[in-house]
There are 2 protein chains.
Amino acid sequence: MMDEVKRGFELVGIGRVEKRGERVGVKILDKYREGLKGLEAFSHAWVLYWFDKNDRQAERDKLLVHPRGDRSNPLTGVFACRAPVRPNLIGLSLCEVVSIEGGVVYVGDIDAFDGSAVLDVKPYIPATDRASGAVRVADYAAERG
Amino acid sequence: MMDEVKRGFELVGIGRVEKRGERVGVKILDKYREGLKGLEAFSHAWVLYWFDKNDRQAERDKLLVHPRGDRSNPLTGVFACRAPVRPNLIGLSLCEVVSIEGGVVYVGDIDAFDGSAVLDVKPYIPATDRASGAVRVADYAAERG
């Protein structure tokens, strides 16, 4: 039994990813630019963006995938991997903040396509964003030496 | 100059936060439950949720706040803090995965109110989610010893 879950979320694009050769920027719309104030104090930030290219119901209905598109990885739920298909097409990438120039946050890199709509930027705060204690991951996500 | 940013995102609630005394659960709707397959291999997960209580335009228009509601913290852009007011009311919390029972992911805790709509669950993958090298944060976000 499940009570009602809220419906009717309104989401807006606050900017977009701009990849220009070596430079990777997160360009924030002028109307939201003030929201960047103080971000320069942080070395890293989370960028939340939309997986535009998969914005079809068929992709959003997928609940099981082979992580990283590798069929040798066992079928895994979309909530147990970072696949760009999921009910809500929200991508989450940790980025190094290289510089902020006007409304553009230049980042080390971002695992998003040029032109992707940006939904949010949040600072990386180790006190709450870094797992402490023993960290376990599925085999597909293990770091390879 | 800014090219068009995508509009018309459709967001759905995939579940909700359930706080019952000591137990804190992220209850996933039955229709999405299959997406949890394999999450048990991870010790930690990100939960993305909606700041329901602030879902008013006035709160979404705020771009500057005193972080943590503490007026001794300088006015800071919402993209440089984790305030629950921002253009898109998406909250992001790192949670310890305690157990998964049916469609409920029991977590150590989550910085969200009971009943908050859940938008996504993603596994914590240190290789990409943990900042390497020197990490800088604003004074307000410094860990206190």
# chains A, B, ... in the order shown; residues from 1 in each chain; ligands from 1
$ residues_around --residues "range 38-47 of chain B" --least-positions-apart "4" --cutoff "9 Å" --atoms "only C-alpha atoms" --output "PDB file with C-alpha atoms, in the first residue's frame"
ATOM      1  CA  LEU A  75      21.302  -6.854 -15.596  1.00  0.00           C
ATOM      2  CA  THR A  76      21.020  -4.202 -12.932  1.00  0.00           C
ATOM      3  CA  GLY A  77      18.299  -1.849 -11.819  1.00  0.00           C
ATOM      4  CA  PHE A  79      18.665   2.841  -9.350  1.00  0.00           C
ATOM      5  CA  ALA A  80      21.755   0.680  -8.836  1.00  0.00           C
ATOM      6  CA  CYS A  81      23.715   2.270 -11.645  1.00  0.00           C
ATOM      7  CA  ALA A 131      31.045   8.435   2.510  1.00  0.00           C
ATOM      8  CA  ALA A 134      33.670   1.054   4.704  1.00  0.00           C
ATOM      9  CA  VAL A 135      32.399   1.680   1.212  1.00  0.00           C
ATOM     10  CA  ARG A 136      31.116  -1.227  -0.845  1.00  0.00           C
ATOM     11  CA  VAL A 137      30.242  -1.136  -4.529  1.00  0.00           C
ATOM     12  CA  ALA A 138      29.032  -3.666  -7.058  1.00  0.00           C
ATOM     13  CA  ASP A 139      31.712  -5.395  -9.085  1.00  0.00           C
TER      14      ASP A 139
ATOM     15  CA  VAL B  26      12.903   5.427   0.915  1.00  0.00           C
ATOM     16  CA  GLY B  91      17.572  17.855  -2.819  1.00  0.00           C
ATOM     17  CA  LEU B  92      20.585  15.544  -2.875  1.00  0.00           C
ATOM     18  CA  SER B  93      21.564  13.428   0.113  1.00  0.00           C
ATOM     19  CA  LEU B  94      24.172  10.758   0.536  1.00  0.00           C
ATOM     20  CA  CYS B  95      22.659   7.909   2.515  1.00  0.00           C
ATOM     21  CA  GLU B  96      23.978   4.741   4.032  1.00  0.00           C
ATOM     22  CA  VAL B  97      22.056   1.767   2.663  1.00  0.00           C
ATOM     23  CA  VAL B  98      21.121  -0.264   5.717  1.00  0.00           C
ATOM     24  CA  SER B  99      18.838  -2.821   4.099  1.00  0.00           C
ATOM     25  CA  ILE B 100      16.433  -3.232   1.253  1.00  0.00           C
ATOM     26  CA  VAL B 107      18.863   4.280   5.108  1.00  0.00           C
ATOM     27  CA  ILE B 110      18.274  11.436   5.200  1.00  0.00           C
ATOM     28  CA  VAL B 118      11.644  10.892  -4.201  1.00  0.00           C
ATOM     29  CA  LEU B 119      12.898  11.511  -7.732  1.00  0.00           C
ATOM     30  CA  ASP B 120      15.841   9.181  -8.125  1.00  0.00           C
ATOM     31  CA  VAL B 121      18.210   6.831  -6.367  1.00  0.00           C
ATOM     32  CA  LYS B 122      21.777   6.430  -7.593  1.00  0.00           C
ATOM     33  CA  PRO B 123      24.574   4.320  -6.178  1.00  0.00           C
ATOM     34  CA  TYR B 124      27.571   6.025  -4.592  1.00  0.00           C
ATOM     35  CA  ILE B 125      30.588   5.226  -6.734  1.00  0.00           C
TER      36      ILE B 125
END
$ select_by_dssp --residues "chain B" --states "strand (DSSP E or B)" --output "ChimeraX atom specification"
/B:15-20,23-28,44-50,64-65,76-77,90-101,104-107,117-123
$ residues_around --residues "Asn54 in chain B" --least-positions-apart "6" --cutoff "8 Å" --atoms "only C-alpha atoms" --output "list in words"
Arg60, Pro84, Val85 and Leu89 of chain B
$ residues_around --residues "Gly25 in chain A" --least-positions-apart "6" --cutoff "6 Å" --atoms "only C-alpha atoms" --output "list of chain:residue names"
A:Val17, A:Glu18, A:Val104, A:Val105, A:Tyr106, A:Val107
$ write_last_selection --atoms "C-alpha atoms" --output "mmCIF file, in the first residue's frame"
data_model
loop_
_atom_site.group_PDB
_atom_site.id
_atom_site.type_symbol
_atom_site.label_atom_id
_atom_site.label_comp_id
_atom_site.auth_asym_id
_atom_site.auth_seq_id
_atom_site.Cartn_x
_atom_site.Cartn_y
_atom_site.Cartn_z
ATOM 1 C CA VAL A 17 26.625 22.498 -20.877
ATOM 2 C CA GLU A 18 28.952 24.077 -23.405
ATOM 3 C CA VAL A 104 30.006 30.377 -16.944
ATOM 4 C CA VAL A 105 31.433 27.835 -14.541
ATOM 5 C CA TYR A 106 34.400 26.243 -16.262
ATOM 6 C CA VAL A 107 34.888 22.709 -15.076
#
$ closest_residue --among "B:Ala142, B:Ala112, B:Val78, B:Ala117" --to "Val12 in chain B" --atoms "only C-alpha atoms"
B:Ala117
